[in-house]
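A.B. asks: Dropping in start17.csv, which is CSV, C-alpha atoms:
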```
chain,number,residue,atom,x,y,z
A,1416,MET,CA,-116.1,-99.8,-63.9
A,1417,ILE,CA,-115.5,-97.3,-61.0
A,1418,ARG,CA,-118.5,-95.1,-60.5
A,1419,VAL,CA,-117.4,-91.6,-59.4
A,1420,LEU,CA,-119.4,-88.6,-58.0
A,1421,LEU,CA,-117.6,-85.3,-58.4
A,1422,VAL,CA,-118.2,-82.6,-55.8
A,1423,ASP,CA,-116.7,-79.1,-56.2
A,1424,ASP,CA,-118.3,-75.6,-56.3
A,1425,GLN,CA,-116.1,-74.5,-59.3
A,1426,HIS,CA,-117.6,-75.5,-62.6
A,1427,LEU,CA,-114.2,-75.5,-64.4
A,1428,ILE,CA,-112.7,-77.8,-61.9
A,1429,ARG,CA,-115.6,-80.3,-62.2
A,1430,ALA,CA,-115.4,-80.1,-66.0
A,1431,GLY,CA,-111.7,-80.8,-66.0
A,1432,LEU,CA,-112.1,-83.7,-63.6
A,1433,ARG,CA,-114.9,-85.1,-65.7
A,1434,MET,CA,-112.8,-85.0,-68.8
A,1435,LEU,CA,-109.8,-86.6,-67.0
A,1436,CYS,CA,-111.9,-89.4,-65.5
A,1437,GLU,CA,-114.0,-90.2,-68.6
A,1438,ALA,CA,-110.8,-90.5,-70.7
A,1439,GLN,CA,-110.1,-93.7,-68.6
A,1440,PRO,CA,-111.7,-97.0,-69.6
A,1441,ASP,CA,-112.4,-98.0,-66.0
A,1442,ILE,CA,-113.8,-94.8,-64.6
A,1443,GLU,CA,-117.3,-93.4,-65.1
A,1444,VAL,CA,-118.6,-90.1,-63.7
A,1445,VAL,CA,-122.1,-90.8,-62.6
A,1446,GLY,CA,-122.9,-87.3,-61.2
A,1447,GLU,CA,-121.8,-83.9,-60.1
A,1448,ALA,CA,-122.6,-81.5,-57.3
A,1449,ASP,CA,-121.5,-78.0,-56.5
A,1450,ASN,CA,-122.4,-78.1,-52.8
A,1451,GLY,CA,-122.5,-80.5,-49.9
A,1452,ARG,CA,-126.3,-80.7,-49.7
A,1453,ASP,CA,-126.6,-81.9,-53.2
A,1454,ALA,CA,-123.6,-84.2,-52.8
A,1455,ILE,CA,-125.4,-86.0,-49.9
A,1456,ALA,CA,-128.6,-86.5,-51.9
A,1457,LEU,CA,-126.7,-87.7,-55.0
A,1458,ALA,CA,-124.5,-90.1,-53.0
A,1459,ALA,CA,-127.6,-91.7,-51.6
A,1460,ARG,CA,-129.4,-91.9,-55.0
A,1461,LEU,CA,-126.5,-92.9,-57.2
A,1462,VAL,CA,-124.4,-95.0,-54.8
A,1463,PRO,CA,-121.0,-94.1,-56.3
A,1464,ASP,CA,-118.0,-96.2,-55.6
A,1465,VAL,CA,-115.9,-93.1,-54.9
A,1466,VAL,CA,-117.0,-89.5,-54.0
A,1467,VAL,CA,-114.3,-87.0,-55.0
A,1468,MET,CA,-115.0,-84.2,-52.4
A,1469,ASP,CA,-113.9,-80.6,-52.3
A,1470,LEU,CA,-113.9,-79.1,-48.8
A,1471,ARG,CA,-114.7,-75.4,-49.1
A,1472,MET,CA,-118.1,-74.9,-50.6
A,1473,PRO,CA,-121.0,-72.6,-49.8
A,1474,GLY,CA,-123.8,-73.9,-47.5
A,1475,VAL,CA,-122.9,-77.4,-46.5
A,1476,ASP,CA,-119.2,-77.8,-46.7
A,1477,GLY,CA,-117.2,-80.9,-47.6
A,1478,ILE,CA,-116.5,-82.0,-44.0
A,1479,SER,CA,-120.2,-81.9,-43.1
A,1480,ALA,CA,-121.1,-83.7,-46.4
A,1481,THR,CA,-118.5,-86.4,-45.8
A,1482,THR,CA,-119.8,-87.0,-42.3
A,1483,ARG,CA,-123.4,-87.3,-43.5
A,1484,ILE,CA,-122.6,-89.5,-46.5
A,1485,LEU,CA,-120.6,-91.9,-44.3
A,1486,ALA,CA,-123.3,-91.9,-41.6
A,1487,ASP,CA,-125.9,-92.9,-44.2
A,1488,ARG,CA,-123.6,-95.5,-45.9
A,1489,PRO,CA,-120.5,-96.4,-43.8
A,1490,GLY,CA,-118.9,-98.3,-46.6
A,1491,ALA,CA,-118.8,-95.3,-48.9
A,1492,ARG,CA,-115.4,-94.1,-50.0
A,1493,VAL,CA,-114.9,-90.3,-49.9
A,1494,LEU,CA,-111.6,-89.0,-51.4
A,1495,VAL,CA,-110.9,-85.4,-50.5
A,1496,LEU,CA,-109.4,-83.3,-53.3
A,1497,THR,CA,-108.6,-79.7,-52.1
A,1498,THR,CA,-106.4,-76.7,-52.5
A,1499,PHE,CA,-105.9,-76.6,-48.7
A,1500,GLY,CA,-103.5,-79.1,-47.3
A,1501,ASP,CA,-103.1,-77.4,-43.9
A,1502,ASP,CA,-103.9,-79.1,-40.6
A,1503,ASP,CA,-107.2,-77.1,-40.2
A,1504,HIS,CA,-108.6,-79.0,-43.2
A,1505,LEU,CA,-106.7,-82.2,-43.0
A,1506,TYR,CA,-107.6,-83.4,-39.6
A,1507,PRO,CA,-111.3,-82.6,-39.7
A,1508,ALA,CA,-111.5,-84.5,-43.0
A,1509,LEU,CA,-109.9,-87.5,-41.5
A,1510,THR,CA,-112.1,-87.3,-38.4
A,1511,ALA,CA,-115.1,-87.1,-40.7
A,1512,GLY,CA,-114.0,-90.4,-42.2
A,1513,ALA,CA,-112.4,-89.5,-45.6
A,1514,CYS,CA,-110.4,-92.4,-46.9
A,1515,GLY,CA,-107.8,-90.2,-48.6
A,1516,PHE,CA,-106.6,-86.7,-49.0
A,1517,LEU,CA,-105.1,-85.3,-52.3
A,1518,LEU,CA,-104.1,-81.8,-53.3
A,1519,LYS,CA,-105.4,-80.1,-56.4
A,1520,ASP,CA,-101.9,-79.3,-57.6
A,1521,ALA,CA,-101.0,-83.0,-57.8
A,1522,PRO,CA,-100.4,-84.5,-61.2
A,1523,PRO,CA,-103.5,-85.9,-63.0
A,1524,THR,CA,-102.0,-89.4,-62.7
A,1525,ASP,CA,-102.0,-89.1,-58.9
A,1526,LEU,CA,-105.7,-88.3,-58.9
A,1527,LEU,CA,-106.6,-91.2,-61.2
A,1528,ASP,CA,-104.4,-93.5,-59.0
A,1529,GLY,CA,-106.1,-92.1,-56.0
A,1530,VAL,CA,-109.6,-92.9,-57.3
A,1531,ARG,CA,-108.6,-96.4,-58.2
A,1532,ARG,CA,-106.9,-97.0,-54.8
A,1533,ALA,CA,-109.9,-95.6,-53.0
A,1534,ALA,CA,-112.3,-97.8,-54.9
A,1535,ALA,CA,-110.0,-100.8,-54.0
A,1536,GLY,CA,-110.2,-100.0,-50.3
A,1537,ASP,CA,-106.8,-98.3,-50.1
A,1538,SER,CA,-106.1,-94.9,-48.5
A,1539,PRO,CA,-104.5,-92.6,-51.0
A,1540,PHE,CA,-102.7,-89.5,-49.6
A,1541,SER,CA,-100.5,-87.0,-51.3
A,1542,GLN,CA,-96.9,-87.8,-50.3
A,1543,GLU,CA,-96.4,-84.4,-48.6
A,1544,VAL,CA,-99.6,-84.8,-46.6
A,1545,LEU,CA,-98.7,-88.3,-45.4
A,1546,ARG,CA,-95.2,-87.2,-44.5
A,1547,ARG,CA,-96.5,-84.2,-42.6
A,1548,LEU,CA,-98.9,-86.4,-40.7
A,1549,VAL,CA,-96.2,-88.7,-39.6
A,1550,ASP,CA,-93.6,-86.0,-38.9
A,1551,ARG,CA,-96.2,-84.0,-36.8
A,1552,ALA,CA,-97.0,-87.0,-34.8
A,1553,VAL,CA,-93.4,-88.0,-34.3
A,1554,HIS,CA,-92.5,-84.5,-33.0
A,1555,ALA,CA,-95.6,-84.4,-30.8
A,1556,ARG,CA,-94.5,-87.5,-29.0
A,1557,ALA,CA,-90.8,-88.3,-28.6
A,1558,GLY,CA,-89.9,-91.9,-28.3
A,1559,THR,CA,-88.7,-94.9,-30.1
A,1560,PRO,CA,-90.8,-97.5,-32.0
A,1561,SER,CA,-91.8,-100.5,-29.9
A,1562,PRO,CA,-91.3,-103.9,-31.6
A,1563,VAL,CA,-94.4,-106.0,-32.2
A,1564,ALA,CA,-94.3,-109.6,-31.4
A,1565,GLY,CA,-95.3,-111.9,-34.2
A,1566,LEU,CA,-94.3,-109.8,-37.2
A,1567,THR,CA,-92.7,-111.7,-40.0
A,1568,ALA,CA,-89.7,-110.3,-41.8
A,1569,ARG,CA,-91.9,-109.6,-44.8
A,1570,GLU,CA,-94.5,-107.8,-42.7
A,1571,GLN,CA,-91.8,-105.6,-41.2
A,1572,GLN,CA,-90.7,-104.7,-44.7
A,1573,VAL,CA,-94.2,-103.8,-45.7
A,1574,LEU,CA,-94.7,-101.8,-42.5
A,1575,ASP,CA,-91.6,-99.7,-43.2
A,1576,LEU,CA,-92.7,-99.0,-46.7
A,1577,VAL,CA,-96.2,-98.0,-45.6
A,1578,ALA,CA,-94.5,-95.5,-43.2
A,1579,ASP,CA,-92.6,-94.1,-46.2
A,1580,GLY,CA,-95.9,-93.3,-47.9
A,1581,LEU,CA,-95.7,-95.9,-50.7
A,1582,SER,CA,-98.9,-97.3,-52.3
A,1583,ASN,CA,-99.8,-101.0,-52.5
A,1584,GLY,CA,-98.6,-101.1,-56.1
A,1585,GLU,CA,-95.3,-99.4,-55.2
A,1586,ILE,CA,-94.7,-101.7,-52.3
A,1587,ALA,CA,-95.5,-104.7,-54.5
A,1588,GLU,CA,-93.0,-103.5,-57.1
A,1589,ARG,CA,-90.3,-102.7,-54.5
A,1590,LEU,CA,-90.6,-106.2,-52.9
A,1591,HIS,CA,-91.3,-108.1,-56.1
A,1592,ILE,CA,-94.6,-109.5,-54.8
A,1593,GLY,CA,-98.2,-109.3,-55.9
A,1594,VAL,CA,-100.5,-106.4,-54.9
A,1595,THR,CA,-102.9,-109.0,-53.4
A,1596,THR,CA,-100.1,-110.3,-51.2
A,1597,VAL,CA,-99.4,-106.7,-50.1
A,1598,LYS,CA,-103.0,-106.2,-49.2
A,1599,SER,CA,-103.0,-109.4,-47.1
A,1600,HIS,CA,-99.9,-108.3,-45.3
A,1601,ILE,CA,-101.4,-104.8,-44.5
A,1602,THR,CA,-104.6,-106.5,-43.2
A,1603,SER,CA,-102.5,-108.7,-41.0
A,1604,LEU,CA,-100.4,-105.6,-39.8
A,1605,MET,CA,-103.6,-103.6,-39.0
A,1606,THR,CA,-104.8,-106.5,-36.9
A,1607,LYS,CA,-101.5,-107.1,-35.1
A,1608,THR,CA,-101.0,-103.4,-34.4
A,1609,ASP,CA,-104.6,-102.6,-33.7
A,1610,SER,CA,-104.5,-99.9,-36.4
A,1611,PRO,CA,-108.0,-99.0,-37.8
A,1612,ASN,CA,-106.6,-97.5,-41.1
A,1613,ARG,CA,-103.4,-97.0,-43.1
A,1614,VAL,CA,-102.6,-93.6,-41.6
A,1615,ARG,CA,-102.6,-95.1,-38.1
A,1616,LEU,CA,-100.5,-97.9,-39.3
A,1617,ALA,CA,-97.9,-95.5,-40.7
A,1618,LEU,CA,-97.9,-93.6,-37.5
A,1619,PHE,CA,-97.4,-96.8,-35.5
A,1620,ALA,CA,-94.5,-97.7,-37.7
A,1621,ARG,CA,-92.8,-94.4,-36.7
A,1622,GLY,CA,-93.3,-95.2,-33.0
A,1623,VAL,CA,-96.2,-92.9,-32.4
```
Please render this file's structure as structure tokens.
C.D. replies:
Amino acid sequence: MIRVLLVDDQHLIRAGLRMLCEAQPDIEVVGEADNGRDAIALAARLVPDVVVMDLRMPGVDGISATTRILADRPGARVLVLTTFGDDDHLYPALTAGACGFLLKDAPPTDLLDGVRRAAAGDSPFSQEVLRRLVDRAVHARAGTPSPVAGLTAREQQVLDLVADGLSNGEIAERLHIGVTTVKSHITSLMTKTDSPNRVRLALFARGV
């Protein structure tokens, strides 16, 4: 069972998210907060597997709350869910340590998949957000990808698909291998490319 803490200052949004999550057999909503201060306190007390975090809230905002939650418990998983996908919100969230970034206009299935992926240690991003991250970095630094010594043919395939924004499950389906195998390849790729997370790995794959 994935234990989730919902953080959003809009009651209707939280109610909708609760209904969506609790309709799933593997997700349990253990708490709700409408501001960052309460989110910090609840995250410490309830120890959720995933914190679904809004960014714009009165008082302590989502960025500050994410920073504090991860300072208190570095292994926590904070998944940003916001209306604002612009760079002014995206990059501070990543700097604060959020493991993923989803937009509120995404299909409900994307949110549920994001919660599951975050709980499993993956980094879920809306496709448009991940593509913009990569495109922005590519345009910022012109150049061609440098080959990495020691990559197997399979690792190169996985690396290319990570750069395209595919999830572990999608990569597994595309390459006809198990999700556990995909995770092993990604762990190896992060080590070989000195990439601390999936976003950096995707950027590396694009030669950034």
A.B. asks: Can you work out the spacing between atom CA of Gly1477 of chain A and atom CA of Asp1537 of chain A in Å, to one decimal?
C.D. replies: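 Atom CA of Asp1537 of chain A lies at a distance of 20.4 Å from atom CA of Gly1477 of chain A.
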A.B. asks: Quick one: distance from atom CA of Ala1459 of chain A to atom CA of Ala1535 of chain A in Å, one decimal?
C.D. replies: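 Between atom CA of Ala1459 of chain A and atom CA of Ala1535 of chain A the gap is 20.0 Å.
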A.B. asks: Nearest to Ala1456 of chain A: which of A:Asp1609, A:Asp1487, A:Asp1520, A:Asp1579 is it, counting all atoms listed in the file?
C.D. replies: A:Asp1487
A.B. asks: Give me the residues near Val1495 of chain A as a ChimeraX atom specification, where near means some atom within 8 Å (using all atoms listed in the file) and where sequence neighbours in that chain fewer than 6 positions away do not count.
C.D. replies: /A:1467-1470,1508,1513-1517
A.B. asks: Which residue out of A:Thr1481, A:Gln1439, A:Thr1595, A:Gln1542 has the minimum interatomic distance to Ala1578 of chain A when all atoms listed in the file are used?
C.D. replies: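 So, comparing all the options, the nearest one is A:Gln1542.
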A.B. asks: Identify which of the residues A:Gln1572, A:Thr1524, A:Asn1450, A:Ser1538 lies closest to Pro1611 of chain A, counting only C-alpha atoms when measuring atom-to-atom distances.
C.D. replies: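 Closest candidate: A:Ser1538.
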A.B. asks: Can you pull out every residue within 12 Å of Pro1440 of chain A, counting all atoms listed in the file, but drop anything in the same chain fewer than 3 positions away, and send it as a PyMOL selection string?
C.D. replies: chain A and resi 1416-1418+1435-1437+1443-1444+1527+1531
A.B. asks: Would you mind telling me which residue in A:Ser1541, A:Gly1529, A:Ala1486, A:Gly1512 lies nearest to Gly1584 of chain A when using all atoms listed in the file?
C.D. replies: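 Nearest candidate to Gly1584 of chain A out of A:Ser1541, A:Gly1529, A:Ala1486, A:Gly1512: A:Gly1529.
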A.B. asks: Have a look at A:Gln1425, A:Thr1510, A:Thr1596, A:Thr1567 and name the one nearest to Asn1612 of chain A; count only C-alpha atoms.
C.D. replies: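 The answer is A:Thr1510, which sits nearest to Asn1612 of chain A.
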A.B. asks: Tell me which of A:Asp1464, A:Met1434, A:Leu1604, A:Pro1473 sits closest to Gly1451 of chain A, counting all atoms listed in the file.
C.D. replies: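 Comparing A:Asp1464, A:Met1434, A:Leu1604, A:Pro1473 against Gly1451 of chain A, the winner is A:Pro1473.
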A.B. asks: Mind giving me the straight-line distance from atom CA of Glu1543 of chain A to atom CA of Pro1523 of chain A in Å, one decimal?
C.D. replies: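 Between these atoms lies a distance of 16.1 Å.
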A.B. asks: Only all heavy atoms, please: segment 1591-1602 of chain A from the block, as a CSV table (one decimal), in the first residue's frame.
C.D. replies:
```csv
chain,number,residue,atom,x,y,z
A,1591,HIS,N,10.9,-5.2,-24.6
A,1591,HIS,CA,10.4,-6.6,-24.3
A,1591,HIS,C,11.3,-7.2,-23.2
A,1591,HIS,O,11.8,-8.3,-23.3
A,1591,HIS,CB,10.5,-7.5,-25.6
A,1591,HIS,CG,9.7,-6.9,-26.7
A,1591,HIS,ND1,8.3,-6.9,-26.7
A,1591,HIS,CD2,10.1,-6.4,-27.9
A,1591,HIS,CE1,7.9,-6.4,-27.8
A,1591,HIS,NE2,8.9,-6.0,-28.6
A,1592,ILE,N,11.5,-6.4,-22.2
A,1592,ILE,CA,12.3,-6.9,-21.0
A,1592,ILE,C,11.5,-6.5,-19.8
A,1592,ILE,O,10.5,-5.8,-19.8
A,1592,ILE,CB,13.7,-6.3,-21.0
A,1592,ILE,CG1,13.6,-4.7,-20.9
A,1592,ILE,CG2,14.5,-6.7,-22.2
A,1592,ILE,CD1,15.0,-4.0,-20.8
A,1593,GLY,N,11.9,-7.0,-18.6
A,1593,GLY,CA,11.3,-6.7,-17.4
A,1593,GLY,C,11.6,-5.4,-16.8
A,1593,GLY,O,12.6,-4.8,-17.1
A,1594,VAL,N,10.6,-4.8,-16.0
A,1594,VAL,CA,10.8,-3.5,-15.4
A,1594,VAL,C,12.0,-3.5,-14.5
A,1594,VAL,O,12.8,-2.6,-14.4
A,1594,VAL,CB,9.6,-3.1,-14.6
A,1594,VAL,CG1,9.8,-1.8,-13.9
A,1594,VAL,CG2,8.4,-2.9,-15.6
A,1595,THR,N,12.2,-4.7,-13.8
A,1595,THR,CA,13.4,-4.8,-12.9
A,1595,THR,C,14.7,-4.7,-13.7
A,1595,THR,O,15.7,-4.0,-13.2
A,1595,THR,CB,13.3,-6.1,-12.1
A,1595,THR,OG1,12.2,-6.2,-11.3
A,1595,THR,CG2,14.6,-6.2,-11.2
A,1596,THR,N,14.7,-5.3,-14.8
A,1596,THR,CA,15.9,-5.2,-15.7
A,1596,THR,C,16.1,-3.8,-16.1
A,1596,THR,O,17.3,-3.3,-16.2
A,1596,THR,CB,15.7,-6.1,-16.9
A,1596,THR,OG1,15.5,-7.4,-16.5
A,1596,THR,CG2,16.9,-6.1,-17.8
A,1597,VAL,N,15.0,-3.0,-16.5
A,1597,VAL,CA,15.2,-1.6,-16.9
A,1597,VAL,C,15.8,-0.8,-15.7
A,1597,VAL,O,16.7,0.0,-15.9
A,1597,VAL,CB,13.8,-1.0,-17.3
A,1597,VAL,CG1,13.9,0.5,-17.5
A,1597,VAL,CG2,13.3,-1.7,-18.5
A,1598,LYS,N,15.3,-1.1,-14.5
A,1598,LYS,CA,15.8,-0.3,-13.4
A,1598,LYS,C,17.3,-0.6,-13.2
A,1598,LYS,O,18.1,0.3,-12.9
A,1598,LYS,CB,15.0,-0.7,-12.1
A,1598,LYS,CG,13.6,-0.2,-12.1
A,1598,LYS,CD,12.9,-0.6,-10.8
A,1598,LYS,CE,11.5,-0.1,-10.7
A,1598,LYS,NZ,10.8,-0.6,-9.5
A,1599,SER,N,17.7,-1.8,-13.4
A,1599,SER,CA,19.1,-2.2,-13.2
A,1599,SER,C,20.0,-1.5,-14.3
A,1599,SER,O,21.1,-1.0,-14.0
A,1599,SER,CB,19.3,-3.7,-13.4
A,1599,SER,OG,18.6,-4.4,-12.4
A,1600,HIS,N,19.4,-1.4,-15.5
A,1600,HIS,CA,20.2,-0.7,-16.6
A,1600,HIS,C,20.3,0.8,-16.2
A,1600,HIS,O,21.4,1.4,-16.5
A,1600,HIS,CB,19.5,-0.9,-17.9
A,1600,HIS,CG,19.6,-2.2,-18.5
A,1600,HIS,ND1,20.9,-2.9,-18.6
A,1600,HIS,CD2,18.7,-3.1,-19.1
A,1600,HIS,CE1,20.7,-4.0,-19.2
A,1600,HIS,NE2,19.4,-4.2,-19.5
A,1601,ILE,N,19.2,1.4,-15.7
A,1601,ILE,CA,19.2,2.8,-15.4
A,1601,ILE,C,20.2,3.1,-14.3
A,1601,ILE,O,20.9,4.1,-14.3
A,1601,ILE,CB,17.8,3.3,-15.1
A,1601,ILE,CG1,17.0,3.3,-16.4
A,1601,ILE,CG2,17.9,4.7,-14.5
A,1601,ILE,CD1,15.5,3.8,-16.2
A,1602,THR,N,20.2,2.2,-13.3
A,1602,THR,CA,21.2,2.4,-12.2
A,1602,THR,C,22.6,2.3,-12.7
A,1602,THR,O,23.5,3.2,-12.3
A,1602,THR,CB,21.0,1.3,-11.1
A,1602,THR,OG1,19.7,1.4,-10.6
A,1602,THR,CG2,22.0,1.4,-10.0
```
